[in-house]
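Pasted below: input_29.csv, CSV, C-alpha atoms and all ligand atoms.
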```csv
chain,number,residue,atom,x,y,z
A,1,MET,CA,0.0,0.0,0.0
A,2,THR,CA,1.4,3.4,-1.0
A,3,LEU,CA,0.8,6.8,0.6
A,4,ARG,CA,0.7,10.0,-1.4
A,5,PHE,CA,0.1,13.5,0.0
A,6,ARG,CA,0.0,17.1,-1.2
A,7,PRO,CA,-0.6,20.5,0.4
A,8,TYR,CA,-4.0,22.2,-0.4
A,9,THR,CA,-5.1,25.6,0.9
A,10,LEU,CA,-8.8,25.9,1.8
A,11,GLU,CA,-10.2,29.3,0.8
A,12,LEU,CA,-13.0,30.5,3.1
A,13,ASN,CA,-16.1,32.2,1.9
A,14,HIS,CA,-15.9,34.7,4.8
A,15,ALA,CA,-13.1,35.6,7.2
A,16,PHE,CA,-13.5,33.2,10.1
A,17,THR,CA,-13.4,35.0,13.5
A,18,ILE,CA,-13.5,33.4,16.9
A,19,ALA,CA,-12.7,34.7,20.4
A,20,THR,CA,-8.9,34.3,19.8
A,21,SER,CA,-8.2,34.8,16.1
A,22,SER,CA,-9.4,35.6,12.5
A,23,ARG,CA,-8.3,34.1,9.2
A,24,THR,CA,-9.3,33.7,5.5
A,25,THR,CA,-7.6,30.4,4.6
A,26,THR,CA,-6.9,27.0,6.3
A,27,PRO,CA,-3.9,24.9,5.4
A,28,ALA,CA,-4.7,21.3,4.6
A,29,MET,CA,-3.1,18.2,3.2
A,30,LEU,CA,-4.8,15.8,0.8
A,31,VAL,CA,-3.8,12.2,1.2
A,32,GLU,CA,-4.3,9.1,-1.0
A,33,VAL,CA,-3.6,5.5,-0.2
A,34,GLU,CA,-3.5,3.1,-3.1
A,35,ARG,CA,-3.4,-0.7,-3.4
A,36,GLU,CA,-4.8,-3.2,-5.9
A,37,GLY,CA,-5.9,-0.3,-8.1
A,38,VAL,CA,-8.2,1.2,-5.4
A,39,ILE,CA,-7.5,4.7,-4.0
A,40,GLY,CA,-8.7,5.8,-0.6
A,41,TYR,CA,-8.9,9.5,0.1
A,42,GLY,CA,-8.0,11.3,3.3
A,43,GLU,CA,-7.5,14.9,4.6
A,44,ALA,CA,-5.7,16.8,7.3
A,45,ALA,CA,-7.2,20.2,8.0
A,46,MET,CA,-5.0,22.3,10.2
A,47,PRO,CA,-6.2,25.7,11.6
A,48,PRO,CA,-2.9,27.3,12.7
A,49,TYR,CA,-3.9,27.8,16.4
A,50,LEU,CA,-3.8,24.0,16.8
A,51,GLY,CA,-0.1,23.8,16.0
A,52,GLU,CA,0.1,21.6,13.0
A,53,SER,CA,1.1,22.8,9.5
A,54,GLN,CA,1.6,21.5,6.0
A,55,GLU,CA,5.3,21.2,6.9
A,56,THR,CA,4.7,19.2,10.1
A,57,ALA,CA,2.2,17.0,8.4
A,58,ALA,CA,4.6,16.3,5.4
A,59,ARG,CA,7.4,15.4,7.9
A,60,PHE,CA,5.0,13.0,9.6
A,61,PHE,CA,3.8,11.4,6.4
A,62,GLU,CA,7.4,10.8,5.3
A,63,ARG,CA,7.9,8.7,8.4
A,64,VAL,CA,4.9,6.5,7.7
A,65,ASP,CA,5.6,3.3,5.9
A,66,LEU,CA,2.3,1.5,5.0
A,67,SER,CA,4.1,-1.1,2.9
A,68,ARG,CA,5.3,-2.9,6.1
A,69,PHE,CA,1.7,-3.9,7.0
A,70,ALA,CA,0.8,-7.1,5.2
A,71,ASP,CA,-3.0,-6.7,5.6
A,72,PRO,CA,-4.5,-3.2,5.1
A,73,TYR,CA,-7.7,-4.3,6.8
A,74,CYS,CA,-5.9,-4.6,10.2
A,75,LEU,CA,-6.6,-1.1,11.4
A,76,GLU,CA,-6.2,-2.2,15.1
A,77,GLU,CA,-2.6,-3.0,14.2
A,78,ILE,CA,-1.8,-0.2,11.7
A,79,LEU,CA,-3.4,2.8,13.5
A,80,PRO,CA,-1.7,2.3,16.9
A,81,ALA,CA,1.7,1.9,15.1
A,82,ILE,CA,1.1,5.2,13.3
A,83,ASP,CA,-0.1,6.9,16.5
A,84,ALA,CA,3.1,5.8,18.2
A,85,LEU,CA,5.3,7.6,15.7
A,86,SER,CA,4.8,10.9,17.6
A,87,PRO,CA,2.8,12.4,20.5
A,88,GLY,CA,0.9,15.0,18.4
A,89,ASN,CA,0.2,15.3,14.6
A,90,THR,CA,-3.5,14.4,15.3
A,91,ALA,CA,-4.7,15.9,12.0
A,92,ALA,CA,-2.0,14.1,9.9
A,93,LYS,CA,-2.9,10.8,11.7
A,94,ALA,CA,-6.6,11.5,11.0
A,95,ALA,CA,-5.8,11.9,7.3
A,96,ILE,CA,-4.3,8.4,7.2
A,97,ASP,CA,-7.1,6.9,9.2
A,98,ILE,CA,-9.7,8.4,6.9
A,99,ALA,CA,-7.9,7.3,3.8
A,100,LEU,CA,-7.5,3.7,5.1
A,101,HIS,CA,-11.2,3.6,6.1
A,102,ASP,CA,-12.1,4.9,2.6
A,103,TRP,CA,-9.9,2.3,1.0
A,104,ILE,CA,-11.4,-0.6,3.0
A,105,GLY,CA,-14.9,0.6,2.4
A,106,ARG,CA,-14.3,0.8,-1.4
A,107,ARG,CA,-12.7,-2.6,-1.4
A,108,LEU,CA,-15.6,-4.1,0.4
A,109,ALA,CA,-18.0,-2.0,-1.7
A,110,ALA,CA,-19.8,-0.7,1.4
A,111,PRO,CA,-20.2,2.7,3.0
A,112,TRP,CA,-18.9,2.9,6.6
A,113,HIS,CA,-22.3,3.9,8.0
A,114,ARG,CA,-23.5,0.5,6.8
A,115,ILE,CA,-20.4,-1.4,8.1
A,116,TRP,CA,-21.1,0.2,11.5
A,117,GLY,CA,-24.7,-0.8,11.4
A,118,LEU,CA,-26.2,2.7,11.3
A,119,ASN,CA,-29.3,4.0,9.7
A,120,LYS,CA,-28.4,6.8,7.3
A,121,HIS,CA,-31.9,8.2,7.7
A,122,ARG,CA,-31.1,8.9,11.4
A,123,ALA,CA,-28.4,11.4,10.5
A,124,PRO,CA,-29.0,14.6,12.5
A,125,VAL,CA,-29.5,18.2,11.3
A,126,THR,CA,-26.2,20.1,11.3
A,127,SER,CA,-25.7,23.5,12.8
A,128,PHE,CA,-24.3,26.3,10.6
A,129,THR,CA,-21.9,28.8,12.0
A,130,ILE,CA,-22.7,32.5,11.7
A,131,GLY,CA,-19.3,34.2,12.0
A,132,ILE,CA,-18.6,37.2,14.1
A,133,ASP,CA,-19.0,40.4,11.9
A,134,THR,CA,-20.7,43.8,11.7
A,135,PRO,CA,-24.4,43.7,12.6
A,136,GLU,CA,-25.3,44.3,8.9
A,137,VAL,CA,-23.3,41.4,7.7
A,138,VAL,CA,-24.5,39.1,10.6
A,139,ARG,CA,-28.1,39.9,9.6
A,140,GLU,CA,-27.3,39.2,5.9
A,141,LYS,CA,-25.5,35.9,6.8
A,142,THR,CA,-28.4,34.8,9.0
A,143,ARG,CA,-30.9,35.4,6.3
A,144,ALA,CA,-28.7,33.5,3.8
A,145,ALA,CA,-28.7,30.5,6.3
A,146,ALA,CA,-32.5,30.1,6.3
A,147,GLN,CA,-32.3,26.3,5.3
A,148,TYR,CA,-30.4,25.4,8.6
A,149,LYS,CA,-32.5,24.2,11.5
A,150,ILE,CA,-29.8,25.2,14.1
A,151,LEU,CA,-27.4,28.1,13.9
A,152,LYS,CA,-24.1,28.2,15.8
A,153,VAL,CA,-22.7,31.4,17.2
A,154,LYS,CA,-19.2,32.1,18.4
A,155,LEU,CA,-19.3,34.2,21.6
A,156,GLY,CA,-16.7,35.0,24.2
A,157,ARG,CA,-16.0,38.6,23.2
A,158,ASP,CA,-17.3,41.8,24.7
A,159,ASN,CA,-20.3,42.1,22.4
A,160,ASP,CA,-22.0,38.7,23.0
A,161,GLU,CA,-25.5,40.1,23.8
A,162,GLU,CA,-25.4,42.4,20.8
A,163,LEU,CA,-24.5,39.6,18.4
A,164,ILE,CA,-27.4,37.4,19.8
A,165,GLU,CA,-29.9,40.2,19.5
A,166,THR,CA,-28.8,40.9,16.0
A,167,ILE,CA,-29.5,37.3,15.0
A,168,ARG,CA,-32.7,37.3,16.9
A,169,SER,CA,-33.8,40.4,15.0
A,170,VAL,CA,-33.9,38.2,11.9
A,171,THR,CA,-34.8,34.6,13.0
A,172,ASP,CA,-36.1,32.5,15.9
A,173,THR,CA,-34.1,29.4,14.7
A,174,PRO,CA,-32.6,27.6,17.7
A,175,LEU,CA,-29.0,28.6,18.4
A,176,THR,CA,-26.0,26.8,19.8
A,177,VAL,CA,-23.3,28.9,21.4
A,178,ASP,CA,-19.6,28.3,21.4
A,179,ALA,CA,-17.7,30.5,23.8
A,180,ASN,CA,-14.3,29.0,22.9
A,181,GLN,CA,-13.1,29.3,26.5
A,182,GLY,CA,-14.0,33.0,26.5
A,183,TRP,CA,-15.7,33.4,29.8
A,184,ARG,CA,-13.3,33.5,32.8
A,185,ASP,CA,-15.6,34.3,35.7
A,186,ARG,CA,-18.1,31.6,36.6
A,187,GLU,CA,-20.7,34.0,38.2
A,188,SER,CA,-20.9,36.2,35.1
A,189,ALA,CA,-20.8,33.1,32.9
A,190,LEU,CA,-23.9,31.8,34.7
A,191,ARG,CA,-25.7,35.1,34.3
A,192,LYS,CA,-24.9,35.0,30.6
A,193,ILE,CA,-26.1,31.4,30.2
A,194,GLU,CA,-29.4,32.3,32.0
A,195,TRP,CA,-29.8,35.2,29.6
A,196,LEU,CA,-29.1,32.9,26.6
A,197,ALA,CA,-31.5,30.2,27.9
A,198,ARG,CA,-34.4,32.7,27.4
A,199,ARG,CA,-33.3,33.2,23.8
A,200,ASN,CA,-33.8,29.6,22.5
A,201,VAL,CA,-30.2,28.5,22.9
A,202,LEU,CA,-29.8,24.7,23.0
A,203,PHE,CA,-26.4,24.3,24.6
A,204,ILE,CA,-23.1,26.1,25.4
A,205,GLU,CA,-19.8,24.8,24.0
A,206,GLN,CA,-16.7,25.3,26.1
A,207,PRO,CA,-17.8,28.2,28.2
A,208,MET,CA,-14.6,28.5,30.3
A,209,PRO,CA,-10.9,28.0,29.8
A,210,LYS,CA,-9.9,24.4,29.7
A,211,GLU,CA,-7.8,24.8,32.9
A,212,GLN,CA,-10.9,25.8,34.9
A,213,LEU,CA,-12.5,22.4,35.3
A,214,GLU,CA,-13.7,23.1,38.9
A,215,ASP,CA,-15.4,26.3,37.8
A,216,THR,CA,-16.9,24.5,34.9
A,217,ALA,CA,-18.3,21.8,37.2
A,218,TRP,CA,-19.7,24.5,39.4
A,219,LEU,CA,-21.3,26.1,36.4
A,220,ARG,CA,-22.7,22.9,35.2
A,221,GLU,CA,-24.6,22.3,38.5
A,222,ARG,CA,-26.3,25.6,38.1
A,223,SER,CA,-26.6,26.0,34.3
A,224,PRO,CA,-30.1,25.8,32.7
A,225,LEU,CA,-28.4,24.7,29.5
A,226,PRO,CA,-26.1,21.7,28.8
A,227,LEU,CA,-22.4,22.4,28.7
A,228,ILE,CA,-20.4,20.7,26.0
A,229,ALA,CA,-16.6,20.2,26.1
A,230,ASP,CA,-14.5,21.1,23.0
A,231,GLU,CA,-11.1,22.4,23.9
A,232,ASN,CA,-11.2,20.1,27.0
A,233,VAL,CA,-11.5,17.0,24.9
A,234,GLN,CA,-9.2,15.7,22.3
A,235,ARG,CA,-8.8,12.0,22.5
A,236,LEU,CA,-10.4,8.9,24.0
A,237,ALA,CA,-8.2,9.2,27.1
A,238,ASP,CA,-9.8,12.6,27.9
A,239,VAL,CA,-13.4,11.5,27.9
A,240,ALA,CA,-13.8,9.7,31.3
A,241,ARG,CA,-12.6,12.6,33.5
A,242,LEU,CA,-15.2,15.0,31.9
A,243,ALA,CA,-18.2,13.1,33.2
A,244,GLY,CA,-19.6,15.3,36.0
A,245,VAL,CA,-17.8,18.4,34.6
A,246,PHE,CA,-19.6,18.7,31.3
A,247,ASP,CA,-22.9,17.3,29.9
A,248,GLY,CA,-21.4,16.2,26.6
A,249,ILE,CA,-18.4,16.2,24.3
A,250,ASN,CA,-17.6,17.6,20.9
A,251,ILE,CA,-15.6,15.0,18.9
A,252,LYS,CA,-13.6,16.1,15.9
A,253,LEU,CA,-11.7,13.8,13.6
A,254,MET,CA,-8.7,16.3,13.4
A,255,LYS,CA,-8.4,16.3,17.2
A,256,CYS,CA,-8.8,12.6,17.9
A,257,THR,CA,-6.8,11.0,15.0
A,258,GLY,CA,-9.7,9.9,12.9
A,259,LEU,CA,-12.8,7.6,12.6
A,260,ARG,CA,-11.5,4.7,14.6
A,261,GLU,CA,-11.0,6.7,17.8
A,262,ALA,CA,-14.0,8.9,17.2
A,263,HIS,CA,-16.2,5.8,17.1
A,264,ALA,CA,-14.7,4.6,20.4
A,265,MET,CA,-15.2,8.0,22.0
A,266,ILE,CA,-18.8,8.1,21.1
A,267,THR,CA,-19.3,4.6,22.6
A,268,LEU,CA,-17.5,5.6,25.8
A,269,ALA,CA,-19.3,8.9,26.1
A,270,ARG,CA,-22.7,7.3,25.8
A,271,ALA,CA,-21.8,4.7,28.4
A,272,LEU,CA,-20.8,7.5,30.8
A,273,GLY,CA,-24.1,9.3,30.2
A,274,LEU,CA,-22.5,12.1,28.2
A,275,LYS,CA,-24.2,13.6,25.1
A,276,THR,CA,-22.2,13.5,21.9
A,277,MET,CA,-21.6,16.0,19.2
A,278,LEU,CA,-19.6,15.6,16.0
A,279,GLY,CA,-17.7,18.8,15.0
A,280,CYS,CA,-15.2,19.8,12.4
A,281,MET,CA,-12.7,22.4,11.3
A,282,THR,CA,-13.0,24.1,8.0
A,283,GLU,CA,-12.5,21.0,5.9
A,284,THR,CA,-13.2,19.7,2.4
A,285,SER,CA,-16.1,17.3,1.8
A,286,CYS,CA,-13.5,14.5,2.3
A,287,ALA,CA,-13.2,14.8,6.1
A,288,ILE,CA,-16.7,16.0,6.5
A,289,SER,CA,-18.1,13.0,4.6
A,290,ALA,CA,-16.0,10.8,6.7
A,291,ALA,CA,-17.3,12.3,10.0
A,292,ALA,CA,-20.8,12.1,8.5
A,293,GLN,CA,-20.6,8.3,8.4
A,294,LEU,CA,-20.7,8.4,12.2
A,295,SER,CA,-23.4,11.1,12.5
A,296,PRO,CA,-26.4,8.8,13.0
A,297,LEU,CA,-24.8,7.9,16.4
A,298,VAL,CA,-24.6,11.4,17.9
A,299,ASP,CA,-27.0,13.8,19.5
A,300,TRP,CA,-25.8,16.9,17.6
A,301,ALA,CA,-23.8,17.5,14.4
A,302,ASP,CA,-21.8,20.6,13.6
A,303,LEU,CA,-20.5,19.5,10.2
A,304,ASP,CA,-20.7,22.7,8.2
A,305,GLY,CA,-16.9,22.8,7.4
A,306,ALA,CA,-17.2,22.2,3.7
A,307,LEU,CA,-20.0,24.7,3.3
A,308,LEU,CA,-17.6,27.4,4.5
A,309,ILE,CA,-15.0,27.0,1.8
A,310,ARG,CA,-15.2,27.8,-1.9
A,311,ASN,CA,-12.6,25.4,-3.4
A,312,ASP,CA,-13.9,22.0,-2.2
A,313,PRO,CA,-12.2,19.4,-4.4
A,314,PHE,CA,-14.6,16.6,-3.3
A,315,LEU,CA,-18.2,15.6,-3.5
A,316,GLY,CA,-19.5,13.6,-0.6
A,317,ALA,CA,-22.1,13.6,2.1
A,318,THR,CA,-24.0,16.9,1.8
A,319,VAL,CA,-26.4,19.0,3.7
A,320,VAL,CA,-30.0,18.9,2.4
A,321,ASP,CA,-32.6,21.1,4.1
A,322,GLY,CA,-30.2,21.5,7.0
A,323,ARG,CA,-29.8,17.8,7.5
A,324,VAL,CA,-26.6,15.7,7.1
A,325,THR,CA,-27.4,13.6,4.1
A,326,LEU,CA,-25.4,10.4,3.5
A,327,ASN,CA,-25.1,8.7,0.1
A,328,ASP,CA,-24.6,5.0,-0.6
A,329,HIS,CA,-21.2,5.3,-2.2
A,330,PRO,CA,-18.6,3.0,-0.6
A,331,GLY,CA,-16.0,4.0,1.9
A,332,ILE,CA,-16.4,7.5,3.2
A,333,GLY,CA,-18.7,8.4,0.3
A,334,VAL,CA,-16.6,10.8,-1.7
A,335,SER,CA,-15.5,11.3,-5.3
A,336,ARG,CA,-13.3,14.0,-6.8
A,337,ARG,CA,-15.2,17.0,-7.9
A,338,PRO,CA,-14.8,17.2,-11.8
A,339,SER,CA,-13.9,20.8,-12.2
A,340,THR,CA,-11.1,21.3,-9.6
A,341,ARG,CA,-7.4,20.7,-9.5
A,401,MG,MG,-15.8,24.7,19.7
```
Translate this file's structure into structure tokens.
Ligand code: MG
Amino acid sequence: MTLRFRPYTLELNHAFTIATSSRTTTPAMLVEVEREGVIGYGEAAMPPYLGESQETAARFFERVDLSRFADPYCLEEILPAIDALSPGNTAAKAAIDIALHDWIGRRLAAPWHRIWGLNKHRAPVTSFTIGIDTPEVVREKTRAAAQYKILKVKLGRDNDEELIETIRSVTDTPLTVDANQGWRDRESALRKIEWLARRNVLFIEQPMPKEQLEDTAWLRERSPLPLIADENVQRLADVARLAGVFDGINIKLMKCTGLREAHAMITLARALGLKTMLGCMTETSCAISAAAQLSPLVDWADLDGALLIRNDPFLGATVVDGRVTLNDHPGIGVSRRPSTR
């Protein structure tokens, strides 16, 4: 089995602004594994604040030798060996995990949602992120997002209430709020959540800095809305200690090294009574379609990453009428989009 990779820069439709940064592109790596004339596709999407880059991913891929594994179906052997090559590089590892899953599914002529025993008609609606911007632009973006059943808003700056009121001046669609660790004081965070609970908000993602677990547990006991961990959870080993601190976890392929571990995280979280959410970075339809294979298992999906870019080289799982919509194509359900590089 051979591994190929090349850098690809995702171009965003709008500048993407969160509590800590703003950008117009996301660096990515597109990966292919090939054997027996079958190609499996994978992707690493690497927003700069997470510490990976096209250079670190390329250096990682150069150390991966898939030819030494006799049986490409043995993911339980291959993926731990790749994981052991370095402590980080989670997006690069995810790219290989996705490509191997895609290859196996194509070889078996079955989509992964079927291999996992899931009902594709149970795929959830996905939230769509309304980026931070001027009130005029926020109103315009909100109107343009009319097909989505849930909108997501990034808070954690000093104009949180203004942004919510701006969206509420246009629509009553349920909102989810991602504070991206932006609230440092638990008392004022509680007051903010109580205010948001009266404005049809479904849950709060990562309200407080990841170091403030005790404050987050305090907040959870009093919060009228569920609290979902994002920055506090990366991999399977992080899940168990979050029970009692958060109500749920946001699982992303680029954080957790891919589909294999994401599936295990969902299983563990459910056993612990935690809600589950599948999230993403800005990604092409490759990684989004991979995550979508798992989506019938989770409570909430936030898989809008491919909708936020204008140079998606893939066709895959889509969003129809706000709902994640899986196809019956094998593997992760993607094909190359005809008109792109
Ligand atoms: Mg988040």
Show me which residues line ligand MG 401 (chain A), defined as having an atom within 6 Å of a ligand atom where all atoms listed in the file count, and present them as a compact mmCIF listing (two decimals) with C-alpha atoms, in the frame of the given file.
```txt
# COMPACT_ATOMS: atom_id res chain seq x y z
CA ASP A 178 -19.60 28.30 21.40
CA ASN A 180 -14.30 29.00 22.90
CA GLU A 205 -19.80 24.80 24.00
CA ASP A 230 -14.50 21.10 23.00
```
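Between atom CA of A:Arg310 and atom CA of A:Ser22 the interatomic distance comes to 17.4 Å.
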Residues near A:Thr282, cut-off 9 Å, all atoms listed in the file, skip fewer than 6 positions along chain, as a PyMOL selection string
chain A and resi 10+12+25-26+45-47+304-309
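The residue that comes closest to A:Leu108, out of A:Val239, A:Val38, A:Leu227, A:Arg6 and on the basis of all atoms listed in the file, is A:Val38.
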Between atom CA of A:Glu43 and atom CA of A:Ala109, what is the spacing in Å?
20.9 Å
For A:Gly273: contacts at 9 Å, only C-alpha atoms, fewer than 6 positions along chain excluded, given as a PyMOL selection string
chain A and resi 243+247-248
To box stretch 260-279 of chain A, take all atoms listed in the file, fit an axis-aligned box, add 5 Å on each side, and give centre and edge lengths in Å to one decimal, as AutoDock Vina command-line options.
```
--center_x -17.6 --center_y 11.7 --center_z 22.7 --size_x 23.2 --size_y 24.2 --size_z 26.2
```
Residue neighbourhood stretch 60-74 of chain A, 7 Å, all atoms listed in the file, exclusion window fewer than 6 positions, as a ChimeraX atom specification
/A:1-2,82,104
For the residues in that selection, give me C-alpha atoms as a PDB file, in the frame of the given file.
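Final output, saved to part_19.pdb:
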```pdb
ATOM      1  CA  MET A   1       0.000   0.000   0.000  1.00  0.00           C
ATOM      2  CA  THR A   2       1.400   3.400  -1.000  1.00  0.00           C
ATOM      3  CA  ILE A  82       1.100   5.200  13.300  1.00  0.00           C
ATOM      4  CA  ILE A 104     -11.400  -0.600   3.000  1.00  0.00           C
TER       5      ILE A 104
END
```
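Closest to A:Tyr49 among A:Pro27, A:Gly105, A:Pro313, A:Gly156 is A:Pro27, based on only C-alpha atoms.
Excluding A:Ile150 itself and same-chain residues fewer than 4 positions from it, the residues having an atom within 6 Å of it are Ser127, Pro174 and Leu175 of chain A, counting all atoms listed in the file.
One distance worth recording is that between atom CA of A:Asn13 and atom CA of A:Lys255, which is 23.4 Å.
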When distances are computed from only C-alpha atoms, which of A:Ile39, A:Leu196, A:Leu294, A:Ala269 shows the smallest separation from A:Arg106?
A:Ile39
Taking 3 positions as the minimum chain separation for residues in the same chain, which residues sit within 10 Å of A:Pro135 when counting all atoms listed in the file? Answer as a PyMOL selection string.
chain A and resi 132+138-141+162-163+165-167
Using the incomplete input, complete stretch 206-214 of chain A to the level of all heavy atoms; output as a PDB file, in the frame of the given file.
```
ATOM      1  N   GLN A 206     -17.893  24.778  25.458  1.00  0.00           N
ATOM      2  CA  GLN A 206     -16.700  25.300  26.100  1.00  0.00           C
ATOM      3  C   GLN A 206     -16.792  26.692  26.656  1.00  0.00           C
ATOM      4  O   GLN A 206     -16.136  27.615  26.167  1.00  0.00           O
ATOM      5  CB  GLN A 206     -15.480  25.190  25.145  1.00  0.00           C
ATOM      6  CG  GLN A 206     -14.120  25.262  25.840  1.00  0.00           C
ATOM      7  CD  GLN A 206     -13.759  24.035  26.647  1.00  0.00           C
ATOM      8  OE1 GLN A 206     -14.000  22.913  26.247  1.00  0.00           O
ATOM      9  NE2 GLN A 206     -13.190  24.240  27.835  1.00  0.00           N
ATOM     10  N   PRO A 207     -17.615  26.850  27.700  1.00  0.00           N
ATOM     11  CA  PRO A 207     -17.800  28.200  28.200  1.00  0.00           C
ATOM     12  C   PRO A 207     -16.538  28.794  28.837  1.00  0.00           C
ATOM     13  O   PRO A 207     -16.278  29.982  28.690  1.00  0.00           O
ATOM     14  CB  PRO A 207     -18.886  28.034  29.295  1.00  0.00           C
ATOM     15  CG  PRO A 207     -18.866  26.570  29.639  1.00  0.00           C
ATOM     16  CD  PRO A 207     -18.472  25.878  28.382  1.00  0.00           C
ATOM     17  N   MET A 208     -15.753  27.964  29.509  1.00  0.00           N
ATOM     18  CA  MET A 208     -14.600  28.500  30.300  1.00  0.00           C
ATOM     19  C   MET A 208     -13.303  27.920  29.837  1.00  0.00           C
ATOM     20  O   MET A 208     -13.260  26.898  29.154  1.00  0.00           O
ATOM     21  CB  MET A 208     -14.876  28.211  31.781  1.00  0.00           C
ATOM     22  CG  MET A 208     -16.229  28.718  32.271  1.00  0.00           C
ATOM     23  SD  MET A 208     -16.365  28.763  34.057  1.00  0.00           S
ATOM     24  CE  MET A 208     -15.299  30.152  34.440  1.00  0.00           C
ATOM     25  N   PRO A 209     -12.185  28.578  30.205  1.00  0.00           N
ATOM     26  CA  PRO A 209     -10.900  28.000  29.800  1.00  0.00           C
ATOM     27  C   PRO A 209     -10.690  26.603  30.273  1.00  0.00           C
ATOM     28  O   PRO A 209     -11.194  26.200  31.325  1.00  0.00           O
ATOM     29  CB  PRO A 209      -9.896  28.975  30.578  1.00  0.00           C
ATOM     30  CG  PRO A 209     -10.634  30.267  30.701  1.00  0.00           C
ATOM     31  CD  PRO A 209     -12.080  29.870  30.910  1.00  0.00           C
ATOM     32  N   LYS A 210      -9.967  25.859  29.474  1.00  0.00           N
ATOM     33  CA  LYS A 210      -9.900  24.400  29.700  1.00  0.00           C
ATOM     34  C   LYS A 210      -9.202  24.108  31.063  1.00  0.00           C
ATOM     35  O   LYS A 210      -9.394  23.034  31.621  1.00  0.00           O
ATOM     36  CB  LYS A 210      -9.181  23.712  28.569  1.00  0.00           C
ATOM     37  CG  LYS A 210      -7.764  24.144  28.301  1.00  0.00           C
ATOM     38  CD  LYS A 210      -7.231  23.422  27.063  1.00  0.00           C
ATOM     39  CE  LYS A 210      -5.825  23.917  26.735  1.00  0.00           C
ATOM     40  NZ  LYS A 210      -5.332  23.402  25.463  1.00  0.00           N
ATOM     41  N   GLU A 211      -8.428  25.060  31.580  1.00  0.00           N
ATOM     42  CA  GLU A 211      -7.800  24.800  32.900  1.00  0.00           C
ATOM     43  C   GLU A 211      -8.769  24.950  34.033  1.00  0.00           C
ATOM     44  O   GLU A 211      -8.475  24.513  35.142  1.00  0.00           O
ATOM     45  CB  GLU A 211      -6.658  25.866  33.103  1.00  0.00           C
ATOM     46  CG  GLU A 211      -5.516  25.801  32.089  1.00  0.00           C
ATOM     47  CD  GLU A 211      -5.873  26.429  30.743  1.00  0.00           C
ATOM     48  OE1 GLU A 211      -6.824  27.242  30.691  1.00  0.00           O
ATOM     49  OE2 GLU A 211      -5.214  26.084  29.732  1.00  0.00           O
ATOM     50  N   GLN A 212      -9.943  25.574  33.802  1.00  0.00           N
ATOM     51  CA  GLN A 212     -10.900  25.800  34.900  1.00  0.00           C
ATOM     52  C   GLN A 212     -11.956  24.761  35.002  1.00  0.00           C
ATOM     53  O   GLN A 212     -13.154  25.035  34.936  1.00  0.00           O
ATOM     54  CB  GLN A 212     -11.513  27.234  34.675  1.00  0.00           C
ATOM     55  CG  GLN A 212     -10.518  28.348  34.907  1.00  0.00           C
ATOM     56  CD  GLN A 212     -11.088  29.742  34.653  1.00  0.00           C
ATOM     57  OE1 GLN A 212     -10.515  30.522  33.901  1.00  0.00           O
ATOM     58  NE2 GLN A 212     -12.222  30.062  35.262  1.00  0.00           N
ATOM     59  N   LEU A 213     -11.516  23.533  35.236  1.00  0.00           N
ATOM     60  CA  LEU A 213     -12.500  22.400  35.300  1.00  0.00           C
ATOM     61  C   LEU A 213     -13.377  22.522  36.533  1.00  0.00           C
ATOM     62  O   LEU A 213     -14.558  22.190  36.474  1.00  0.00           O
ATOM     63  CB  LEU A 213     -11.729  21.082  35.316  1.00  0.00           C
ATOM     64  CG  LEU A 213     -11.289  20.537  33.948  1.00  0.00           C
ATOM     65  CD1 LEU A 213     -10.700  19.148  34.092  1.00  0.00           C
ATOM     66  CD2 LEU A 213     -12.453  20.507  32.964  1.00  0.00           C
ATOM     67  N   GLU A 214     -12.817  22.976  37.656  1.00  0.00           N
ATOM     68  CA  GLU A 214     -13.700  23.100  38.900  1.00  0.00           C
ATOM     69  C   GLU A 214     -14.745  24.139  38.680  1.00  0.00           C
ATOM     70  O   GLU A 214     -15.887  23.940  39.093  1.00  0.00           O
ATOM     71  CB  GLU A 214     -12.780  23.496  40.070  1.00  0.00           C
ATOM     72  CG  GLU A 214     -12.348  22.307  40.905  1.00  0.00           C
ATOM     73  CD  GLU A 214     -11.479  22.717  42.087  1.00  0.00           C
ATOM     74  OE1 GLU A 214     -11.864  23.667  42.812  1.00  0.00           O
ATOM     75  OE2 GLU A 214     -10.427  22.091  42.252  1.00  0.00           O
TER      76      GLU A 214
END
```
